[in-house]
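Undergrad: Please find input39.json (JSON, C-alpha atoms) on the next line:
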[["chain", "number", "residue", "atom", "x", "y", "z"],
["A", 30, "MET", "CA", 45.98, 145.43, 105.04],
["A", 31, "SER", "CA", 47.27, 148.12, 102.75],
["A", 32, "SER", "CA", 46.98, 151.71, 103.87],
["A", 33, "VAL", "CA", 45.79, 154.32, 101.43],
["A", 34, "SER", "CA", 47.24, 157.81, 101.83],
["A", 35, "PRO", "CA", 44.54, 160.46, 102.23],
["A", 36, "ARG", "CA", 43.93, 162.60, 99.15],
["A", 37, "LEU", "CA", 42.17, 165.94, 99.21],
["A", 38, "ASP", "CA", 39.56, 166.52, 96.57],
["A", 39, "HIS", "CA", 40.19, 169.39, 94.18],
["A", 40, "PRO", "CA", 37.51, 171.75, 95.63],
["A", 41, "VAL", "CA", 38.91, 171.27, 99.13],
["A", 42, "LYS", "CA", 42.46, 172.02, 97.98],
["A", 43, "TYR", "CA", 41.33, 175.16, 96.20],
["A", 44, "ALA", "CA", 39.38, 176.28, 99.27],
["A", 45, "LEU", "CA", 42.46, 175.86, 101.47],
["A", 46, "PHE", "CA", 44.49, 177.91, 99.01],
["A", 47, "LEU", "CA", 41.98, 180.78, 98.77],
["A", 48, "PRO", "CA", 43.03, 182.71, 101.94],
["A", 49, "TYR", "CA", 46.66, 182.80, 100.81],
["A", 50, "ALA", "CA", 45.66, 183.75, 97.27],
["A", 51, "ALA", "CA", 43.44, 186.54, 98.61],
["A", 52, "MET", "CA", 46.28, 187.88, 100.74],
["A", 53, "ILE", "CA", 48.70, 187.83, 97.80],
["A", 54, "PHE", "CA", 46.14, 189.60, 95.62],
["A", 55, "CYS", "CA", 45.31, 192.30, 98.17],
["A", 56, "PHE", "CA", 48.78, 193.01, 99.54],
["A", 57, "LEU", "CA", 51.04, 192.27, 96.55],
["A", 58, "ILE", "CA", 49.29, 192.33, 93.19],
["A", 59, "VAL", "CA", 47.03, 195.34, 93.87],
["A", 60, "PRO", "CA", 49.84, 197.53, 95.30],
["A", 61, "MET", "CA", 52.16, 196.53, 92.45],
["A", 62, "ALA", "CA", 49.46, 197.41, 89.91],
["A", 63, "GLY", "CA", 49.09, 200.81, 91.57],
["A", 64, "LEU", "CA", 52.85, 201.28, 91.51],
["A", 65, "VAL", "CA", 52.98, 200.53, 87.79],
["A", 66, "GLU", "CA", 50.11, 202.94, 87.15],
["A", 67, "VAL", "CA", 51.82, 205.77, 89.06],
["A", 68, "SER", "CA", 55.10, 205.13, 87.22],
["A", 69, "PHE", "CA", 53.48, 206.29, 83.96],
["A", 70, "ARG", "CA", 52.29, 209.60, 85.37],
["A", 71, "GLN", "CA", 53.85, 213.06, 85.29],
["A", 72, "GLN", "CA", 55.08, 214.69, 88.47],
["A", 73, "SER", "CA", 52.54, 217.21, 89.75],
["A", 74, "SER", "CA", 52.47, 219.81, 92.49],
["A", 75, "VAL", "CA", 48.74, 219.32, 93.07],
["A", 76, "ARG", "CA", 48.59, 215.52, 93.19],
["A", 77, "ILE", "CA", 51.29, 213.48, 94.86],
["A", 78, "THR", "CA", 50.78, 210.46, 92.59],
["A", 79, "GLY", "CA", 51.09, 212.60, 89.47],
["A", 80, "LEU", "CA", 48.88, 213.53, 86.54],
["A", 81, "GLY", "CA", 48.60, 212.65, 82.86],
["A", 82, "PHE", "CA", 50.63, 210.02, 81.06],
["A", 83, "THR", "CA", 54.35, 209.96, 80.21],
["A", 84, "LEU", "CA", 57.24, 207.62, 79.48],
["A", 85, "ALA", "CA", 59.77, 210.13, 80.78],
["A", 86, "ASN", "CA", 60.12, 208.34, 84.13],
["A", 87, "TYR", "CA", 61.38, 205.19, 82.42],
["A", 88, "ALA", "CA", 63.55, 207.23, 80.06],
["A", 89, "ARG", "CA", 65.18, 208.75, 83.15],
["A", 90, "VAL", "CA", 66.10, 205.26, 84.40],
["A", 91, "GLY", "CA", 68.12, 204.86, 81.19],
["A", 92, "ASP", "CA", 70.35, 207.78, 82.18],
["A", 93, "PRO", "CA", 73.92, 206.61, 82.97],
["A", 94, "PHE", "CA", 73.64, 207.94, 86.54],
["A", 95, "TYR", "CA", 70.60, 205.82, 87.35],
["A", 96, "LEU", "CA", 71.90, 202.82, 85.42],
["A", 97, "GLY", "CA", 75.01, 203.07, 87.59],
["A", 98, "ILE", "CA", 72.86, 202.99, 90.71],
["A", 99, "LEU", "CA", 71.05, 199.88, 89.46],
["A", 100, "PHE", "CA", 74.31, 198.19, 88.53],
["A", 101, "ASP", "CA", 75.93, 198.98, 91.89],
["A", 102, "THR", "CA", 72.83, 197.73, 93.71],
["A", 103, "LEU", "CA", 72.88, 194.38, 91.92],
["A", 104, "ARG", "CA", 76.66, 194.06, 92.17],
["A", 105, "LEU", "CA", 76.82, 194.73, 95.92],
["A", 106, "SER", "CA", 73.79, 192.50, 96.53],
["A", 107, "MET", "CA", 75.36, 189.58, 94.65],
["A", 108, "ILE", "CA", 78.70, 190.04, 96.41],
["A", 109, "SER", "CA", 77.05, 190.13, 99.83],
["A", 110, "ALA", "CA", 74.96, 187.05, 98.97],
["A", 111, "ALA", "CA", 78.11, 185.17, 97.92],
["A", 112, "MET", "CA", 79.84, 186.16, 101.18],
["A", 113, "ALA", "CA", 76.76, 185.05, 103.14],
["A", 114, "ALA", "CA", 76.91, 181.68, 101.39],
["A", 115, "ILE", "CA", 80.60, 181.23, 102.25],
["A", 116, "LEU", "CA", 80.12, 182.21, 105.88],
["A", 117, "GLY", "CA", 76.75, 180.56, 106.33],
["A", 118, "TYR", "CA", 77.41, 177.11, 104.85],
["A", 119, "PRO", "CA", 79.46, 175.75, 107.79],
["A", 120, "VAL", "CA", 76.89, 177.13, 110.25],
["A", 121, "ALA", "CA", 74.05, 175.61, 108.24],
["A", 122, "TYR", "CA", 75.78, 172.23, 108.15],
["A", 123, "VAL", "CA", 76.32, 172.20, 111.92],
["A", 124, "LEU", "CA", 72.70, 173.26, 112.45],
["A", 125, "ALA", "CA", 71.39, 170.56, 110.12],
["A", 126, "ARG", "CA", 73.42, 167.83, 111.81],
["A", 127, "SER", "CA", 72.64, 168.95, 115.37],
["A", 128, "SER", "CA", 69.79, 167.70, 117.50],
["A", 129, "GLY", "CA", 68.15, 168.26, 120.83],
["A", 130, "ARG", "CA", 69.12, 171.22, 122.98],
["A", 131, "ALA", "CA", 72.15, 172.11, 120.87],
["A", 132, "LYS", "CA", 69.95, 172.59, 117.82],
["A", 133, "THR", "CA", 67.50, 174.72, 119.78],
["A", 134, "VAL", "CA", 70.30, 176.98, 120.99],
["A", 135, "LEU", "CA", 71.68, 177.35, 117.47],
["A", 136, "ILE", "CA", 68.27, 178.20, 116.04],
["A", 137, "VAL", "CA", 67.71, 180.85, 118.71],
["A", 138, "ALA", "CA", 71.17, 182.32, 118.06],
["A", 139, "ILE", "CA", 70.40, 182.52, 114.32],
["A", 140, "MET", "CA", 66.93, 183.99, 114.85],
["A", 141, "ILE", "CA", 68.00, 186.72, 117.29],
["A", 142, "PRO", "CA", 69.41, 188.99, 114.53],
["A", 143, "LEU", "CA", 66.08, 188.71, 112.68],
["A", 144, "MET", "CA", 64.27, 189.92, 115.79],
["A", 145, "THR", "CA", 66.62, 192.89, 116.20],
["A", 146, "SER", "CA", 65.93, 196.17, 114.43],
["A", 147, "VAL", "CA", 68.15, 196.73, 111.41],
["A", 148, "VAL", "CA", 68.79, 200.27, 112.67],
["A", 149, "VAL", "CA", 70.21, 198.91, 115.92],
["A", 150, "LYS", "CA", 72.42, 196.44, 114.07],
["A", 151, "VAL", "CA", 73.72, 199.05, 111.63],
["A", 152, "PHE", "CA", 74.57, 201.52, 114.38],
["A", 153, "GLY", "CA", 76.37, 198.69, 116.16],
["A", 154, "TRP", "CA", 78.51, 198.26, 113.03],
["A", 155, "TYR", "CA", 78.98, 202.05, 112.92],
["A", 156, "ILE", "CA", 80.33, 202.10, 116.47],
["A", 157, "ILE", "CA", 82.74, 199.26, 115.68],
["A", 158, "LEU", "CA", 84.02, 200.71, 112.38],
["A", 159, "GLU", "CA", 84.10, 204.44, 113.12],
["A", 160, "PRO", "CA", 87.53, 206.19, 113.35],
["A", 161, "SER", "CA", 87.45, 206.01, 117.16],
["A", 162, "GLY", "CA", 85.84, 202.58, 117.21],
["A", 163, "VAL", "CA", 87.04, 199.24, 118.51],
["A", 164, "ILE", "CA", 88.86, 198.09, 115.38],
["A", 165, "ASN", "CA", 90.76, 201.34, 114.91],
["A", 166, "ALA", "CA", 91.60, 201.43, 118.61],
["A", 167, "LEU", "CA", 93.16, 197.96, 118.37],
["A", 168, "SER", "CA", 94.91, 198.91, 115.13],
["A", 169, "ARG", "CA", 96.53, 201.97, 116.70],
["A", 170, "ALA", "CA", 97.49, 199.93, 119.75],
["A", 171, "VAL", "CA", 99.59, 197.54, 117.62],
["A", 172, "GLY", "CA", 101.04, 200.36, 115.54],
["A", 173, "TRP", "CA", 99.06, 199.85, 112.32],
["A", 174, "GLY", "CA", 97.55, 203.32, 112.32],
["A", 175, "ARG", "CA", 93.97, 204.24, 111.54],
["A", 176, "TRP", "CA", 91.87, 202.49, 108.88],
["A", 177, "ASN", "CA", 89.14, 204.05, 106.77],
["A", 178, "LEU", "CA", 86.44, 201.47, 107.45],
["A", 179, "LEU", "CA", 83.27, 203.52, 106.96],
["A", 180, "HIS", "CA", 81.48, 205.11, 104.01],
["A", 181, "ASN", "CA", 82.78, 202.68, 101.42],
["A", 182, "GLU", "CA", 81.61, 199.54, 99.65],
["A", 183, "ILE", "CA", 83.39, 197.22, 102.09],
["A", 184, "ALA", "CA", 81.36, 198.61, 104.97],
["A", 185, "VAL", "CA", 78.13, 198.29, 102.97],
["A", 186, "VAL", "CA", 78.89, 194.67, 102.04],
["A", 187, "ALA", "CA", 79.67, 193.85, 105.68],
["A", 188, "GLY", "CA", 76.34, 195.30, 106.77],
["A", 189, "LEU", "CA", 74.42, 193.50, 104.01],
["A", 190, "VAL", "CA", 76.08, 190.18, 104.83],
["A", 191, "GLU", "CA", 75.11, 190.50, 108.48],
["A", 192, "PHE", "CA", 71.60, 191.52, 107.42],
["A", 193, "SER", "CA", 71.05, 188.58, 105.04],
["A", 194, "LEU", "CA", 73.12, 185.82, 106.70],
["A", 195, "PRO", "CA", 70.24, 184.28, 108.74],
["A", 196, "PHE", "CA", 68.18, 183.81, 105.57],
["A", 197, "MET", "CA", 71.07, 181.93, 103.95],
["A", 198, "VAL", "CA", 71.66, 179.72, 106.98],
["A", 199, "LEU", "CA", 68.00, 178.76, 107.37],
["A", 200, "SER", "CA", 67.61, 178.01, 103.67],
["A", 201, "LEU", "CA", 70.77, 175.90, 103.53],
["A", 202, "SER", "CA", 70.08, 173.99, 106.73],
["A", 203, "ALA", "CA", 66.66, 172.92, 105.47],
["A", 204, "SER", "CA", 68.29, 171.57, 102.30],
["A", 205, "ILE", "CA", 71.15, 169.80, 104.11],
["A", 206, "GLU", "CA", 68.73, 168.16, 106.56],
["A", 207, "ARG", "CA", 67.17, 166.29, 103.64],
["A", 208, "ILE", "CA", 70.49, 164.65, 102.77],
["A", 209, "PRO", "CA", 70.58, 161.21, 104.46],
["A", 210, "ARG", "CA", 73.49, 160.79, 106.85],
["A", 211, "ASN", "CA", 74.17, 157.32, 105.54],
["A", 212, "VAL", "CA", 75.16, 158.87, 102.20],
["A", 213, "GLU", "CA", 78.02, 160.68, 103.94],
["A", 214, "GLU", "CA", 78.89, 157.56, 105.90],
["A", 215, "ALA", "CA", 79.00, 155.53, 102.69],
["A", 216, "ALA", "CA", 81.35, 158.03, 101.07],
["A", 217, "GLY", "CA", 83.57, 157.89, 104.15],
["A", 218, "ASN", "CA", 83.62, 154.10, 104.10],
["A", 219, "LEU", "CA", 84.75, 154.23, 100.47],
["A", 220, "GLY", "CA", 87.79, 156.25, 101.44],
["A", 221, "ALA", "CA", 86.66, 159.87, 101.04],
["A", 222, "GLY", "CA", 87.92, 162.27, 103.68],
["A", 223, "PRO", "CA", 85.71, 164.87, 105.41],
["A", 224, "TRP", "CA", 86.59, 167.65, 102.95],
["A", 225, "ARG", "CA", 86.03, 165.38, 99.96],
["A", 226, "VAL", "CA", 82.68, 164.24, 101.34],
["A", 227, "MET", "CA", 81.68, 167.88, 101.77],
["A", 228, "ALA", "CA", 82.83, 168.90, 98.29],
["A", 229, "ARG", "CA", 81.66, 165.85, 96.31],
["A", 230, "VAL", "CA", 78.56, 164.76, 98.23],
["A", 231, "VAL", "CA", 77.02, 167.36, 100.52],
["A", 232, "LEU", "CA", 77.60, 170.46, 98.41],
["A", 233, "PRO", "CA", 76.16, 169.05, 95.14],
["A", 234, "MET", "CA", 73.14, 167.63, 96.96],
["A", 235, "SER", "CA", 72.41, 170.96, 98.66],
["A", 236, "ARG", "CA", 72.52, 173.09, 95.49],
["A", 237, "ALA", "CA", 68.79, 173.76, 95.64],
["A", 238, "GLY", "CA", 69.05, 175.28, 99.12],
["A", 239, "LEU", "CA", 72.17, 177.20, 98.15],
["A", 240, "LEU", "CA", 70.43, 178.67, 95.11],
["A", 241, "SER", "CA", 67.30, 179.54, 97.11],
["A", 242, "GLY", "CA", 69.35, 181.17, 99.86],
["A", 243, "TYR", "CA", 71.43, 183.11, 97.35],
["A", 244, "LEU", "CA", 68.38, 184.47, 95.53],
["A", 245, "LEU", "CA", 66.71, 185.35, 98.83],
["A", 246, "CYS", "CA", 69.82, 187.22, 100.00],
["A", 247, "VAL", "CA", 70.06, 189.10, 96.70],
["A", 248, "GLY", "CA", 66.40, 190.09, 97.01],
["A", 249, "VAL", "CA", 66.58, 191.43, 100.56],
["A", 250, "SER", "CA", 69.95, 193.13, 99.99],
["A", 251, "SER", "CA", 68.92, 194.90, 96.79],
["A", 252, "SER", "CA", 65.99, 196.55, 98.59],
["A", 253, "ALA", "CA", 68.01, 197.67, 101.62],
["A", 254, "TYR", "CA", 67.99, 201.33, 102.59],
["A", 255, "VAL", "CA", 69.32, 201.71, 106.12],
["A", 256, "VAL", "CA", 72.54, 199.73, 105.55],
["A", 257, "PRO", "CA", 73.85, 201.67, 102.51],
["A", 258, "ALA", "CA", 72.55, 205.00, 103.83],
["A", 259, "ILE", "CA", 74.50, 204.74, 107.10],
["A", 260, "MET", "CA", 77.41, 202.49, 106.20],
["A", 261, "GLY", "CA", 77.98, 203.93, 102.74],
["A", 262, "GLY", "CA", 77.24, 207.58, 103.42],
["A", 263, "THR", "CA", 77.34, 209.71, 100.28],
["A", 264, "ARG", "CA", 79.98, 207.56, 98.56],
["A", 265, "VAL", "CA", 77.86, 204.46, 98.02],
["A", 266, "ARG", "CA", 74.38, 204.77, 96.56],
["A", 267, "MET", "CA", 71.83, 202.03, 96.06],
["A", 268, "VAL", "CA", 68.31, 201.97, 94.68],
["A", 269, "GLY", "CA", 66.67, 202.19, 98.09],
["A", 270, "GLN", "CA", 68.37, 205.54, 98.77],
["A", 271, "GLN", "CA", 67.36, 206.91, 95.37],
["A", 272, "ILE", "CA", 63.72, 205.90, 95.87],
["A", 273, "TYR", "CA", 63.74, 207.46, 99.34],
["A", 274, "ASP", "CA", 65.11, 210.75, 98.00],
["A", 275, "ASP", "CA", 62.63, 210.80, 95.11],
["A", 276, "VAL", "CA", 59.68, 210.26, 97.47],
["A", 277, "LEU", "CA", 60.56, 212.30, 100.55],
["A", 278, "VAL", "CA", 62.99, 214.90, 99.19],
["A", 279, "GLY", "CA", 61.93, 215.51, 95.60],
["A", 280, "PHE", "CA", 58.25, 214.50, 96.12],
["A", 281, "ASP", "CA", 58.54, 212.73, 92.76],
["A", 282, "TRP", "CA", 56.48, 209.61, 93.30],
["A", 283, "PRO", "CA", 56.20, 208.70, 89.60],
["A", 284, "SER", "CA", 59.99, 208.59, 89.16],
["A", 285, "ALA", "CA", 60.38, 206.56, 92.36],
["A", 286, "SER", "CA", 57.68, 204.17, 91.14],
["A", 287, "ALA", "CA", 59.44, 203.72, 87.79],
["A", 288, "MET", "CA", 62.73, 202.93, 89.53],
["A", 289, "SER", "CA", 60.95, 200.43, 91.78],
["A", 290, "VAL", "CA", 59.24, 198.73, 88.84],
["A", 291, "VAL", "CA", 62.52, 198.44, 86.92],
["A", 292, "LEU", "CA", 64.28, 196.89, 89.93],
["A", 293, "VAL", "CA", 61.45, 194.39, 90.43],
["A", 294, "LEU", "CA", 61.55, 193.44, 86.75],
["A", 295, "ILE", "CA", 65.33, 192.96, 86.78],
["A", 296, "LEU", "CA", 65.18, 190.82, 89.92],
["A", 297, "SER", "CA", 62.30, 188.81, 88.48],
["A", 298, "LEU", "CA", 64.31, 188.07, 85.34],
["A", 299, "ILE", "CA", 67.35, 187.08, 87.39],
["A", 300, "PHE", "CA", 65.28, 184.81, 89.63],
["A", 301, "TYR", "CA", 63.50, 183.23, 86.65],
["A", 302, "ALA", "CA", 66.76, 182.56, 84.83],
["A", 303, "ALA", "CA", 68.36, 181.13, 87.98],
["A", 304, "MET", "CA", 65.44, 178.82, 88.66],
["A", 305, "ARG", "CA", 65.43, 177.65, 85.05],
["A", 306, "ILE", "CA", 69.18, 177.03, 84.92],
["A", 307, "GLY", "CA", 69.58, 175.80, 88.51],
["A", 308, "PRO", "CA", 67.82, 172.42, 88.26],
["A", 309, "LYS", "CA", 69.64, 171.64, 85.01],
["A", 310, "ALA", "CA", 73.00, 172.46, 86.62],
["A", 311, "ALA", "CA", 72.16, 170.22, 89.55]]
Just give me the structure of the file as structure tokens.
TA:
Amino acid sequence: MSSVSPRLDHPVKYALFLPYAAMIFCFLIVPMAGLVEVSFRQQSSVRITGLGFTLANYARVGDPFYLGILFDTLRLSMISAAMAAILGYPVAYVLARSSGRAKTVLIVAIMIPLMTSVVVKVFGWYIILEPSGVINALSRAVGWGRWNLLHNEIAVVAGLVEFSLPFMVLSLSASIERIPRNVEEAAGNLGAGPWRVMARVVLPMSRAGLLSGYLLCVGVSSSAYVVPAIMGGTRVRMVGQQIYDDVLVGFDWPSASAMSVVLVLILSLIFYAAMRIGPKAA
């Protein structure tokens, strides 16, 4: 007796999708539309969202200073995402090939940083990297002197990697889990060593998860504020800091909105291009 897989009728499928669509519309599309509308207004002292109509806010983004901020934001985000991929791939592989209690422990260990406030994590990094911190104390003890580990791009990248690493690991592990183990066993039986199996079999078959994790890490890193503000100080500036200053220091919501819209557009183009090229490369 042949079994027929259940199929939902079209009205039922649409009805199940409606709550999610309503949430996306209310909490994403409507706020983004308001953000775009404010970005075309002039700064005003009587109305916080501005008055009139102007293109000056977008012209300001074309200034070399603000273009530099956008470029540094994307550059540091891509570097941190690449570092997260390098550090997270072995962890993701172990997680994907684990089972039982070991897998539960690994998942909890990976999820704990996501349940910890980013402020707490960043100040933990600050304590470790400060001039009188643990690393400099060990460095002086062995006669290497004191290192300048804070308020530079290296410190910001370290904080962003720690911030985005769980997203990379979870995305990669889900992709690696879908690779049958017998494929690796077959490659081993044909004479491929562990490193060759990883490079020629596992890595190519997990490109989708790697691409998804990379784009996710770029997205969350490019919008970070606390990490660059504390770890980078005044020497490293990212878009999140500029938007914060425009809103709460300069009370210039239209300029902050324009910067936000430009960043969203750039990230959308990058994500679209990556998703278009990614499957073809795979």
Undergrad: Could you tell me which of A:Met288, A:Leu135, A:Leu294, A:Ala258 comes closest to Val123 of chain A if we count only C-alpha atoms?
TA: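 Going through A:Met288, A:Leu135, A:Leu294, A:Ala258 one by one, the smallest distance to Val123 of chain A is for A:Leu135.
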Undergrad: Which one is closest to Gly248 of chain A: A:Leu167, A:Met107, A:Leu277, A:Ile183? Count all atoms listed in the file.
TA: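 Using all atoms listed in the file, Gly248 of chain A sits closest to A:Met107.
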Undergrad: Would you please work out which residue, of A:Ala187, A:Val137, A:Leu124, A:Val171, is nearest to Ala203 of chain A when using all atoms listed in the file?
TA: A:Leu124
Undergrad: For atom CA of Trp282 of chain A and atom CA of Arg89 of chain A, determine how far apart the two atoms are, in Å to one decimal place.
TA: 13.4 Å
Undergrad: Work out how far apart atom CA of Ala287 of chain A and atom CA of Val65 of chain A are and give it in Å to one decimal.
TA: 7.2 Å
Undergrad: Excluding Gly238 of chain A and its own-chain neighbours fewer than 4 positions away, which residues fall within 6 Å of it when counting all atoms listed in the file? Please give them as a VMD selection string.
TA: chain A and resid 200 to 201 204 242
Undergrad: Quick one: residues within 12 Å of Pro142 of chain A, all atoms listed in the file counted, chain neighbours fewer than 6 positions away excluded, as a ChimeraX atom specification?
TA: /A:136,148-151,190-196
Undergrad: I need the chosen residues saved as a PDB file, keeping the file's coordinate frame, with C-alpha atoms.
TA:
ATOM      1  CA  ILE A 136      68.270 178.200 116.040  1.00  0.00           C
ATOM      2  CA  VAL A 148      68.790 200.270 112.670  1.00  0.00           C
ATOM      3  CA  VAL A 149      70.210 198.910 115.920  1.00  0.00           C
ATOM      4  CA  LYS A 150      72.420 196.440 114.070  1.00  0.00           C
ATOM      5  CA  VAL A 151      73.720 199.050 111.630  1.00  0.00           C
ATOM      6  CA  VAL A 190      76.080 190.180 104.830  1.00  0.00           C
ATOM      7  CA  GLU A 191      75.110 190.500 108.480  1.00  0.00           C
ATOM      8  CA  PHE A 192      71.600 191.520 107.420  1.00  0.00           C
ATOM      9  CA  SER A 193      71.050 188.580 105.040  1.00  0.00           C
ATOM     10  CA  LEU A 194      73.120 185.820 106.700  1.00  0.00           C
ATOM     11  CA  PRO A 195      70.240 184.280 108.740  1.00  0.00           C
ATOM     12  CA  PHE A 196      68.180 183.810 105.570  1.00  0.00           C
TER      13      PHE A 196
END
Undergrad: Pull the neighbourhood of (71.3, 174.4, 108.3) for me: all residues within 9 Å in file coordinates, counting all atoms listed in the file, as a VMD selection string.
TA: chain A and resid 117 to 126 197 to 206
Undergrad: For atom CA of Ala215 of chain A and atom CA of Val230 of chain A, determine how far apart the two atoms are, in Å to one decimal place.
TA: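 Distance reported for this atom pair: 10.3 Å.
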Undergrad: Using all atoms listed in the file, find the one residue out of A:Tyr155, A:Tyr243, A:Phe82, A:Phe300 that sits nearest to Arg70 of chain A.
TA: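 Of the candidates, the smallest distance to Arg70 of chain A is held by A:Phe82.
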Undergrad: Using all atoms listed in the file, find the one residue out of A:Ser284, A:Ser289, A:Ser297, A:Asn177 that sits nearest to Phe69 of chain A.
TA: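 Result for the nearest residue to Phe69 of chain A: A:Ser284.
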Undergrad: Choose the residue, out of A:Leu178, A:Leu45, A:Ala51, A:Val265, that has the smallest atom-to-atom separation from Gly162 of chain A; count all atoms listed in the file.
TA: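 Smallest distance to Gly162 of chain A is found for A:Leu178.
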